[in-house]
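Please read the structure below before turning to the comments.
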Amino acid sequence: MRLLKTSGWWVLYGRVLCTAVLFHTPWILTMAQNPTEGKAVQLVVMDAVAERPIDYAQIWACGAEYWTNASGRADIEVRSDTCEIVVVAFGYRADTFTLKDLRAEGGVIRLQPMHVLLKAAVITSTRYEKPLERTTVSMELIRPRFMQMQSSTGLADIVDRIAGVEIIDGQANIRGGSGWSYGAGSRVLLLLDDIPILEQGAGYPNWSDLPIENIAQVEILKGASSALYGSSALNGIIHVRTQYAKDEPELELGTVWKTVTRPRAPIRPWWSDTLLYEWTAYGAYRVRWGRWDWVAGGYYRDTRSHLRESFSHFGRGNLRVRYRFGEGIAAGAYLNYNRADAQGFFYWDSLYSYEPTSFISLAKTMSVRYHIDPFLHYFSKRWNVRHRLTGRYYVVRNAVSDGRSNYSTTRYAEYQIHRPWKELGMYLTAGVVGMDVAVRAELYGDTSFTIRHLAGYVQLDREFGEKWTLSLGMRWERYALRYPAAVFGDTASGGYKTEHRPVMRVGMNYRLVAGSFLRASWGQGYRFPTIAEQFITTEAGLFRLIPNPRLRSETGWTAELGWKQGLILGGVQGFTDVSVFWSRYRDMMEFNALYRDFQILFQSQNVGNTDIKGVEWTWVGKWSYGGHTILWQGGITRIWPKFLDYDTTGWEASILDTSLTVAQRNAANSSCRCNVLKYRHEWTLKLDVEWQYRGGFVGGNLRYASEMRAIDRVFEIFVPGLEEFRARHKGYSVVDLRGGVQWKGMRCTVYVENAFNVIYMLRPGIMEPPRRVGIKWHVKI
């Protein structure tokens, strides 16, 4: 396999740095002024409850920005005794002081831990930390506490419990923007610590790369986000932020064991004398030694599935090292290594069956993936500018049976600056990105491909007093693909494709009254076709997937109007959020069935323009009274997804007809005589509730989805029993129950998943598990 030379990594860093220097020169010239002289003051920021220093707290004094060091100390300059000093730290209530206040307290500032659910900070929408309620777009948060409450130790299953988000066979779908595309292409960008973690050949999210044992929080941004994060962020972003070491060492350990019970009639289980199980063990250790921060984690999962002949063995290890050279300077690296051995099948052999069809062999996979992420962070106190240089070297080795193996190497580098002008209420974030990808795969014609990305972005946020926040962002991205055109009969292109485009986003947030916020946003998005969508060549039973080198990029936009209302009343606190949204896509890419040379084929095609409108209502809350605590989180989403290119004459046409127009083929390929995009649930409801009292707790989770009215018509024709199953089971309601005890950092939970033993499927031909029971133990020391 021919990969880029090792020196290519340094060349890529050089390109990004050179571009950064050129981009940054005007700012150096404009900021080359002597700051106004003031009084030097040393202060210490402390946790008011735990009485420990708070490191990397943000301090605003007379329009300048400062940060505390590992001991919670900072040296600031104050120009007058009446100058306001604002202190902000993640997980604490912000507070304002004057020089007189500091003198009275002996230079010690104590911040109160933040328990109000509305007061959370996110970075995904702006690329710098910002209160959740002041964002201009819809966002959801998943925190470690919520993850510990769930029975699953896989992040995909946990994300699937969030309103407006669905995970279908590993592919994320936010507010109906995506359906199911056979593992190729994604309109939702998956980020790990601000860097894309999608497998570049197929654009597929490898959820098992995400260290759930060491997550600080997960931020889900709903809507087009290409202006900040580029291609693949057409439908939204799922951003995983990992934890750093704190002053005190932390050790977290956990294990989960589950087994499957007998399914509901008429299903006949094949495992009467076989134990089916899922066992998981995980742990993380975080410690600070002097200037060094160390975080180590590990994870192992062994699964014997309810699907016959299906299993998986997976292990992961990760290590993060950070060295703090001094105030405002830190460097380090993150290493993540994964290894898996798995086997599965594409669809069942008959109605209500957990067994594979005889028409297709089992897919056996042995994979190794690892990535190394170096980083350098520098805060210039003199110029009040934060610099970030980050990179990723990402290797994927998937050895798959039946000629489906694929291998890729990705080199990624990004330089970013952030400059605040606190006195003006203005914040500038800008950066440049470079990425090189080398791919070789039997799955893509057993040949080699190279991808080059170069991008630049800028975002300006402006606050007008305490009421208004305006946001404007822009990104330019260039995409280039080199491939052996002769292999695919596409010699006209010369084996080289390139395109570039700018995208924009604007947003507004208005504070009506305390705790009540209106927002509006409009953002453009785009997505380049993945290598898999353009060049895949494989078979799945009776179906054959063929390449389409002439596939065009898809573009679109999303508009939203929302209202977020916080609530603090007695023992009740939380918020509710209502939004209406509208997404429109041009040249949307989806796999369609066609007939050629006496074969049913699937090919990724541009299906024309599509339109998705919807409304969403979400809520998060907590009620405490007399030792009782009730936690709740959930939401309802309603969407209207449809084709704009749709011709009802296609209902009577045969998919074998090669003369159909795009609009007729959209109708002919759908299983529904209705204009609805395929693989979408028009109604979804998610709800999680837990009651806690004196160390004990009980809770439950509800997931409801209405009927998936449209799928590929050929599946109902050729997959045995599928049409009958869909006629009997229209949508699903699945309830998980839990109960247990928690005491001094330890939580022991007994779970019943799918408590009512519902028969359902998320995608055609694969049934989800029947009732499962299990136990989970988690401890934090």
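Residues in the structure tokens are numbered from 1 in each chain, the chains being A, B, ... in the order shown, and ligands are numbered from 1 in the order shown.
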Residues near Val735 of chain A, anyone? I mean within 6 Å using only C-alpha atoms, not counting same-chain ones fewer than 2 positions away, as a ChimeraX atom specification.
/A:701-702,754-755
Mind checking which residues fall within 12 Å of Lys39 of chain A, counting only C-alpha atoms, ignoring those fewer than 2 positions away in the same chain, and posting them as a list in words?
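The filter keeps Thr36, Glu37, Val41, Gln42, Ala61, Cys62, Asp75, Ile76, Glu77, Val78, Arg79, Ser80, Asp81, Cys83 and Leu99 of chain A.
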Got a sec: who's within 7 Å of Gly774 of chain A, counting only C-alpha atoms, leaving out chain neighbours fewer than 5 positions off, as a PyMOL selection string?
chain A and resi 257-259+750-752
Would you mind exporting N, CA, C and O atoms of the selected residues as an mmCIF file, in the first residue's frame?
data_model
loop_
_atom_site.group_PDB
_atom_site.id
_atom_site.type_symbol
_atom_site.label_atom_id
_atom_site.label_comp_id
_atom_site.auth_asym_id
_atom_site.auth_seq_id
_atom_site.Cartn_x
_atom_site.Cartn_y
_atom_site.Cartn_z
ATOM 1 N N TRP A 257 -22.705 -6.090 32.975
ATOM 2 C CA TRP A 257 -22.973 -7.434 32.437
ATOM 3 C C TRP A 257 -24.454 -7.520 32.105
ATOM 4 O O TRP A 257 -25.310 -7.122 32.906
ATOM 5 N N LYS A 258 -24.781 -8.043 30.897
ATOM 6 C CA LYS A 258 -26.175 -8.180 30.449
ATOM 7 C C LYS A 258 -26.370 -9.553 29.828
ATOM 8 O O LYS A 258 -25.420 -10.145 29.284
ATOM 9 N N THR A 259 -27.612 -10.013 29.863
ATOM 10 C CA THR A 259 -27.967 -11.230 29.158
ATOM 11 C C THR A 259 -29.353 -11.069 28.549
ATOM 12 O O THR A 259 -30.153 -10.232 29.002
ATOM 13 N N VAL A 750 -29.317 -2.114 38.719
ATOM 14 C CA VAL A 750 -29.906 -3.263 38.031
ATOM 15 C C VAL A 750 -30.791 -2.716 36.905
ATOM 16 O O VAL A 750 -31.599 -1.805 37.131
ATOM 17 N N TYR A 751 -30.626 -3.257 35.702
ATOM 18 C CA TYR A 751 -31.337 -2.756 34.526
ATOM 19 C C TYR A 751 -32.256 -3.823 33.929
ATOM 20 O O TYR A 751 -31.960 -5.022 33.992
ATOM 21 N N VAL A 752 -33.339 -3.343 33.328
ATOM 22 C CA VAL A 752 -34.175 -4.176 32.457
ATOM 23 C C VAL A 752 -34.366 -3.373 31.169
ATOM 24 O O VAL A 752 -35.119 -2.397 31.141
#
Residue neighbourhood segment 44-55 of chain A, 9 Å, only C-alpha atoms, exclusion window fewer than 2 positions, as a PyMOL selection string
chain A and resi 42+57+67-74+87+89+92+107-113+246-247
Mind pulling up the distance from atom CA of Thr649 of chain A to atom CA of Ala667 of chain A?
7.7 Å
Of the residues A:Gly63, A:Ile142, A:Val607, A:Val734, which is the one nearest to Glu768 of chain A, using only C-alpha atoms?
A:Val734
Tell me, as a compact mmCIF listing (two decimals) with C-alpha atoms, in the first residue's frame, which residues lie within 6 Å of segment 450-455 of chain A, counting only C-alpha atoms; anything in the same chain fewer than 6 positions away does not count.
# COMPACT_ATOMS: atom_id res chain seq x y z
CA VAL A 432 -6.70 27.48 8.96
CA VAL A 433 -6.99 23.72 8.45
CA GLY A 434 -5.08 21.23 6.31
CA MET A 435 -5.77 17.53 5.83
CA ASP A 436 -4.21 14.79 3.68
CA VAL A 437 -5.79 11.35 3.34
CA ALA A 438 -4.40 8.23 1.66
CA TRP A 476 -13.79 28.65 2.58
CA GLU A 477 -12.77 25.09 1.79
CA ARG A 478 -10.94 23.46 -1.10
CA TYR A 479 -11.32 19.76 -1.81
CA ALA A 480 -9.17 17.71 -4.19
CA LEU A 481 -9.39 13.98 -4.99
CA ARG A 482 -6.97 11.96 -7.08
Go through A:Asp95, A:Asp611, A:Glu414, A:Glu278 and flag the residue nearest Ile775 of chain A, using only C-alpha atoms for the distances.
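Of all the options, A:Glu278 lies closest to Ile775 of chain A.
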Excluding same-chain residues fewer than 3 positions from Arg324 of chain A, what lies within 12 Å of it counting only C-alpha atoms, as a list in words?
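That gives Asp55, Tyr56, Asn69, Ala70, Ser71, Arg288, Trp289, Gly290, Arg291, Trp292, Asp293, Trp294, Val321, Glu327, Gly328, Ile329, Ala330, Ala331, Gly332, Phe375, Leu376, His377, Tyr378 and Phe379 of chain A.
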